[in-house]
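J.: Structure: coords.pdb, PDB, C-alpha atoms and all ligand atoms.
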ATOM      1  CA  MET A   1       0.000   0.000   0.000  1.00  0.00           C
ATOM      2  CA  ALA A   2       1.399   3.346  -0.966  1.00  0.00           C
ATOM      3  CA  GLY A   3       2.389   5.504   1.962  1.00  0.00           C
ATOM      4  CA  THR A   4       2.182   2.711   4.505  1.00  0.00           C
ATOM      5  CA  LYS A   5       5.342   2.288   6.491  1.00  0.00           C
ATOM      6  CA  ILE A   6       6.381  -0.889   8.211  1.00  0.00           C
ATOM      7  CA  VAL A   7       7.892  -0.151  11.604  1.00  0.00           C
ATOM      8  CA  ARG A   8      10.104  -2.662  13.371  1.00  0.00           C
ATOM      9  CA  VAL A   9      11.979  -2.740  16.636  1.00  0.00           C
ATOM     10  CA  ARG A  10      15.339  -4.382  17.024  1.00  0.00           C
ATOM     11  CA  VAL A  11      17.656  -4.911  19.960  1.00  0.00           C
ATOM     12  CA  ASP A  12      21.371  -4.626  19.282  1.00  0.00           C
ATOM     13  CA  PRO A  13      22.706  -7.658  21.179  1.00  0.00           C
ATOM     14  CA  ASP A  14      26.164  -6.067  21.442  1.00  0.00           C
ATOM     15  CA  LYS A  15      24.756  -3.121  23.389  1.00  0.00           C
ATOM     16  CA  CYS A  16      22.016  -4.743  25.489  1.00  0.00           C
ATOM     17  CA  GLN A  17      23.016  -5.185  29.129  1.00  0.00           C
ATOM     18  CA  GLY A  18      19.783  -6.730  30.337  1.00  0.00           C
ATOM     19  CA  HIS A  19      18.157  -3.902  32.271  1.00  0.00           C
ATOM     20  CA  SER A  20      14.804  -5.177  30.900  1.00  0.00           C
ATOM     21  CA  ARG A  21      13.214  -1.733  30.816  1.00  0.00           C
ATOM     22  CA  CYS A  22      12.099  -2.377  27.250  1.00  0.00           C
ATOM     23  CA  LYS A  23      10.230  -5.495  28.333  1.00  0.00           C
ATOM     24  CA  ALA A  24       8.619  -3.618  31.233  1.00  0.00           C
ATOM     25  CA  LEU A  25       7.476  -0.772  28.973  1.00  0.00           C
ATOM     26  CA  ALA A  26       6.567  -2.768  25.869  1.00  0.00           C
ATOM     27  CA  PRO A  27       5.934  -6.393  26.842  1.00  0.00           C
ATOM     28  CA  ALA A  28       4.233  -7.103  23.522  1.00  0.00           C
ATOM     29  CA  LEU A  29       7.400  -6.215  21.597  1.00  0.00           C
ATOM     30  CA  PHE A  30      10.308  -7.611  23.623  1.00  0.00           C
ATOM     31  CA  GLU A  31      11.220 -10.885  25.280  1.00  0.00           C
ATOM     32  CA  LEU A  32      14.109 -11.764  27.561  1.00  0.00           C
ATOM     33  CA  ASP A  33      16.521 -14.664  27.289  1.00  0.00           C
ATOM     34  CA  ALA A  34      17.763 -16.724  30.233  1.00  0.00           C
ATOM     35  CA  TYR A  35      20.327 -14.019  31.052  1.00  0.00           C
ATOM     36  CA  GLY A  36      17.774 -11.206  31.006  1.00  0.00           C
ATOM     37  CA  ASN A  37      18.946  -9.778  27.717  1.00  0.00           C
ATOM     38  CA  ALA A  38      16.216  -8.542  25.426  1.00  0.00           C
ATOM     39  CA  LYS A  39      15.285  -9.469  21.907  1.00  0.00           C
ATOM     40  CA  GLU A  40      12.456  -8.294  19.710  1.00  0.00           C
ATOM     41  CA  ILE A  41       9.555 -10.731  19.565  1.00  0.00           C
ATOM     42  CA  GLY A  42       9.235 -12.479  16.220  1.00  0.00           C
ATOM     43  CA  ASN A  43      10.073 -10.274  13.244  1.00  0.00           C
ATOM     44  CA  GLY A  44       9.896  -7.128  15.378  1.00  0.00           C
ATOM     45  CA  ILE A  45       7.018  -5.582  13.468  1.00  0.00           C
ATOM     46  CA  VAL A  46       5.285  -2.950  15.574  1.00  0.00           C
ATOM     47  CA  PRO A  47       1.491  -2.826  15.292  1.00  0.00           C
ATOM     48  CA  GLU A  48       0.015   0.666  15.173  1.00  0.00           C
ATOM     49  CA  ASP A  49      -1.241   0.446  18.745  1.00  0.00           C
ATOM     50  CA  GLN A  50       2.280  -0.420  19.985  1.00  0.00           C
ATOM     51  CA  LEU A  51       4.075   2.522  18.358  1.00  0.00           C
ATOM     52  CA  ALA A  52       4.028   4.658  21.508  1.00  0.00           C
ATOM     53  CA  ALA A  53       5.332   1.731  23.570  1.00  0.00           C
ATOM     54  CA  ALA A  54       8.134   1.164  21.052  1.00  0.00           C
ATOM     55  CA  HIS A  55       9.247   4.787  21.311  1.00  0.00           C
ATOM     56  CA  LEU A  56       9.026   4.629  25.098  1.00  0.00           C
ATOM     57  CA  ALA A  57      11.287   1.569  25.096  1.00  0.00           C
ATOM     58  CA  LEU A  58      13.786   3.300  22.814  1.00  0.00           C
ATOM     59  CA  ALA A  59      13.835   6.405  24.996  1.00  0.00           C
ATOM     60  CA  ASN A  60      14.294   4.418  28.209  1.00  0.00           C
ATOM     61  CA  CYS A  61      16.973   1.929  27.207  1.00  0.00           C
ATOM     62  CA  PRO A  62      20.070   3.047  29.134  1.00  0.00           C
ATOM     63  CA  GLU A  63      22.374   1.345  26.631  1.00  0.00           C
ATOM     64  CA  MET A  64      20.691   2.805  23.531  1.00  0.00           C
ATOM     65  CA  ALA A  65      20.309  -0.776  22.329  1.00  0.00           C
ATOM     66  CA  VAL A  66      16.746  -0.400  21.052  1.00  0.00           C
ATOM     67  CA  GLU A  67      16.399   0.614  17.428  1.00  0.00           C
ATOM     68  CA  ILE A  68      13.270   1.577  15.552  1.00  0.00           C
ATOM     69  CA  ILE A  69      13.468   0.901  11.836  1.00  0.00           C
ATOM     70  CA  GLU A  70      10.965   2.309   9.362  1.00  0.00           C
ATOM     71  CA  GLU A  71      10.785   0.598   6.002  1.00  0.00           C
TER      72      GLU A  71
HETATM   73  S1  LIG B 101      16.260  -1.800  28.123  1.00  0.00           S
HETATM   74 FE1  LIG B 101      17.966  -1.889  26.685  1.00  0.00          FE
HETATM   75  S2  LIG B 101      19.645  -2.799  27.825  1.00  0.00           S
HETATM   76 FE2  LIG B 101      17.749  -3.226  28.900  1.00  0.00          FE
HETATM   77  S3  LIG B 101      17.088  -5.232  28.202  1.00  0.00           S
HETATM   78 FE3  LIG B 101      16.066  -3.689  26.941  1.00  0.00          FE
HETATM   79  S4  LIG B 101      17.432  -3.451  25.188  1.00  0.00           S
HETATM   80 FE4  LIG B 101      18.605  -4.443  26.772  1.00  0.00          FE
END
Translate this file's structure into structure tokens.
T.:
Amino acid sequence: MAGTKIVRVRVDPDKCQGHSRCKALAPALFELDAYGNAKEIGNGIVPEDQLAAAHLALANCPEMAVEIIEE
């Protein structure tokens, strides 16, 4: 569809230190591994109603490990 952007979240595994703030703020978008490090759920696509949560997670990650990618 013209003009429709796909928005994804991604966690940079080299930067993530496992503070889990992203998971607390956007539990529908992030999951934690056994060490508490975060990863985007599935393909990371952010539904419209999760956009605000995605930006909140980005703003609150102390390691700046959360990325938002618009395609
Ligand atoms: S808030 Fe940042 S550092 Fe913490 S788990 Fe999420 S991505 Fe990793």
J.: Between A:Val46, A:Ala52, A:Val11, A:Ala59, which has the minimum distance to A:Glu31 (counting only C-alpha atoms)?
T.: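 Closest candidate: A:Val11.
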J.: Using all atoms listed in the file for the distances, tell me which of A:Leu29, A:Gly36, A:Glu63, A:Ala57 is nearest to A:Arg8.
T.: A:Leu29
J.: Kindly indicate which residue among A:Leu58, A:Ala53, A:Cys16, A:Ile68 lies nearest to ligand LIG 101 (chain B), using all atoms listed in the file for the distances.
T.: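 Checking each of A:Leu58, A:Ala53, A:Cys16, A:Ile68 against ligand LIG 101 (chain B), counting all atoms listed in the file, the winner is A:Cys16.
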J.: Report, in Å to a single decimal, how far apart atom CA of A:Lys23 and atom CA of A:Ile41 are.
T.: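 Computing it gives 10.2 Å between the two atoms.
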J.: Using only C-alpha atoms, which residues sit within 9 Å of A:Leu25 once same-chain residues fewer than 3 positions away are excluded, as a list in words?
T.: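 Counting only the stated atoms, we get Ser20, Arg21, Cys22, Ala28, Ala53, Ala54, Leu56, Ala57 and Asn60 of chain A.
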J.: Could you write out that same residue set with C-alpha atoms as an mmCIF file, in the frame of the given file?
T.:
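Written file, part-v1.cif:
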data_model
loop_
_atom_site.group_PDB
_atom_site.id
_atom_site.type_symbol
_atom_site.label_atom_id
_atom_site.label_comp_id
_atom_site.auth_asym_id
_atom_site.auth_seq_id
_atom_site.Cartn_x
_atom_site.Cartn_y
_atom_site.Cartn_z
ATOM 1 C CA SER A 20 14.804 -5.177 30.900
ATOM 2 C CA ARG A 21 13.214 -1.733 30.816
ATOM 3 C CA CYS A 22 12.099 -2.377 27.250
ATOM 4 C CA ALA A 28 4.233 -7.103 23.522
ATOM 5 C CA ALA A 53 5.332 1.731 23.570
ATOM 6 C CA ALA A 54 8.134 1.164 21.052
ATOM 7 C CA LEU A 56 9.026 4.629 25.098
ATOM 8 C CA ALA A 57 11.287 1.569 25.096
ATOM 9 C CA ASN A 60 14.294 4.418 28.209
#
J.: Where atoms are missing, can you supply N, CA and C atoms for stretch 17-32 of chain A and output the lot as a PDB file, in the coordinates of the input?
T.:
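Result file is selection08.pdb:
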ATOM      1  N   GLN A  17      22.413  -4.728  27.877  1.00  0.00           N
ATOM      2  CA  GLN A  17      23.016  -5.185  29.129  1.00  0.00           C
ATOM      3  C   GLN A  17      21.981  -5.788  30.071  1.00  0.00           C
ATOM      4  N   GLY A  18      20.776  -5.999  29.564  1.00  0.00           N
ATOM      5  CA  GLY A  18      19.783  -6.730  30.337  1.00  0.00           C
ATOM      6  C   GLY A  18      19.089  -5.961  31.441  1.00  0.00           C
ATOM      7  N   HIS A  19      18.881  -4.668  31.259  1.00  0.00           N
ATOM      8  CA  HIS A  19      18.157  -3.902  32.271  1.00  0.00           C
ATOM      9  C   HIS A  19      16.659  -4.195  32.230  1.00  0.00           C
ATOM     10  N   SER A  20      16.201  -4.744  31.126  1.00  0.00           N
ATOM     11  CA  SER A  20      14.804  -5.177  30.900  1.00  0.00           C
ATOM     12  C   SER A  20      13.769  -4.051  30.974  1.00  0.00           C
ATOM     13  N   ARG A  21      14.198  -2.828  30.828  1.00  0.00           N
ATOM     14  CA  ARG A  21      13.214  -1.733  30.816  1.00  0.00           C
ATOM     15  C   ARG A  21      12.321  -1.831  29.583  1.00  0.00           C
ATOM     16  N   CYS A  22      12.892  -2.265  28.485  1.00  0.00           N
ATOM     17  CA  CYS A  22      12.099  -2.377  27.250  1.00  0.00           C
ATOM     18  C   CYS A  22      10.948  -3.354  27.455  1.00  0.00           C
ATOM     19  N   LYS A  23      11.254  -4.471  28.077  1.00  0.00           N
ATOM     20  CA  LYS A  23      10.230  -5.495  28.333  1.00  0.00           C
ATOM     21  C   LYS A  23       9.159  -4.961  29.278  1.00  0.00           C
ATOM     22  N   ALA A  24       9.580  -4.181  30.280  1.00  0.00           N
ATOM     23  CA  ALA A  24       8.619  -3.618  31.233  1.00  0.00           C
ATOM     24  C   ALA A  24       7.701  -2.612  30.544  1.00  0.00           C
ATOM     25  N   LEU A  25       8.251  -1.847  29.604  1.00  0.00           N
ATOM     26  CA  LEU A  25       7.476  -0.772  28.973  1.00  0.00           C
ATOM     27  C   LEU A  25       6.706  -1.247  27.749  1.00  0.00           C
ATOM     28  N   ALA A  26       7.214  -2.283  27.093  1.00  0.00           N
ATOM     29  CA  ALA A  26       6.567  -2.768  25.869  1.00  0.00           C
ATOM     30  C   ALA A  26       6.612  -4.295  25.836  1.00  0.00           C
ATOM     31  N   PRO A  27       5.861  -4.926  26.739  1.00  0.00           N
ATOM     32  CA  PRO A  27       5.934  -6.393  26.842  1.00  0.00           C
ATOM     33  C   PRO A  27       5.458  -7.129  25.599  1.00  0.00           C
ATOM     34  N   ALA A  28       4.708  -6.448  24.749  1.00  0.00           N
ATOM     35  CA  ALA A  28       4.233  -7.103  23.522  1.00  0.00           C
ATOM     36  C   ALA A  28       5.308  -7.115  22.437  1.00  0.00           C
ATOM     37  N   LEU A  29       6.384  -6.365  22.653  1.00  0.00           N
ATOM     38  CA  LEU A  29       7.400  -6.215  21.597  1.00  0.00           C
ATOM     39  C   LEU A  29       8.724  -6.871  21.927  1.00  0.00           C
ATOM     40  N   PHE A  30       8.991  -7.107  23.228  1.00  0.00           N
ATOM     41  CA  PHE A  30      10.308  -7.611  23.623  1.00  0.00           C
ATOM     42  C   PHE A  30      10.175  -8.835  24.509  1.00  0.00           C
ATOM     43  N   GLU A  31      11.140  -9.739  24.381  1.00  0.00           N
ATOM     44  CA  GLU A  31      11.220 -10.885  25.280  1.00  0.00           C
ATOM     45  C   GLU A  31      12.643 -10.958  25.810  1.00  0.00           C
ATOM     46  N   LEU A  32      12.799 -11.673  26.920  1.00  0.00           N
ATOM     47  CA  LEU A  32      14.109 -11.764  27.561  1.00  0.00           C
ATOM     48  C   LEU A  32      14.628 -13.185  27.454  1.00  0.00           C
TER      49      LEU A  32
END
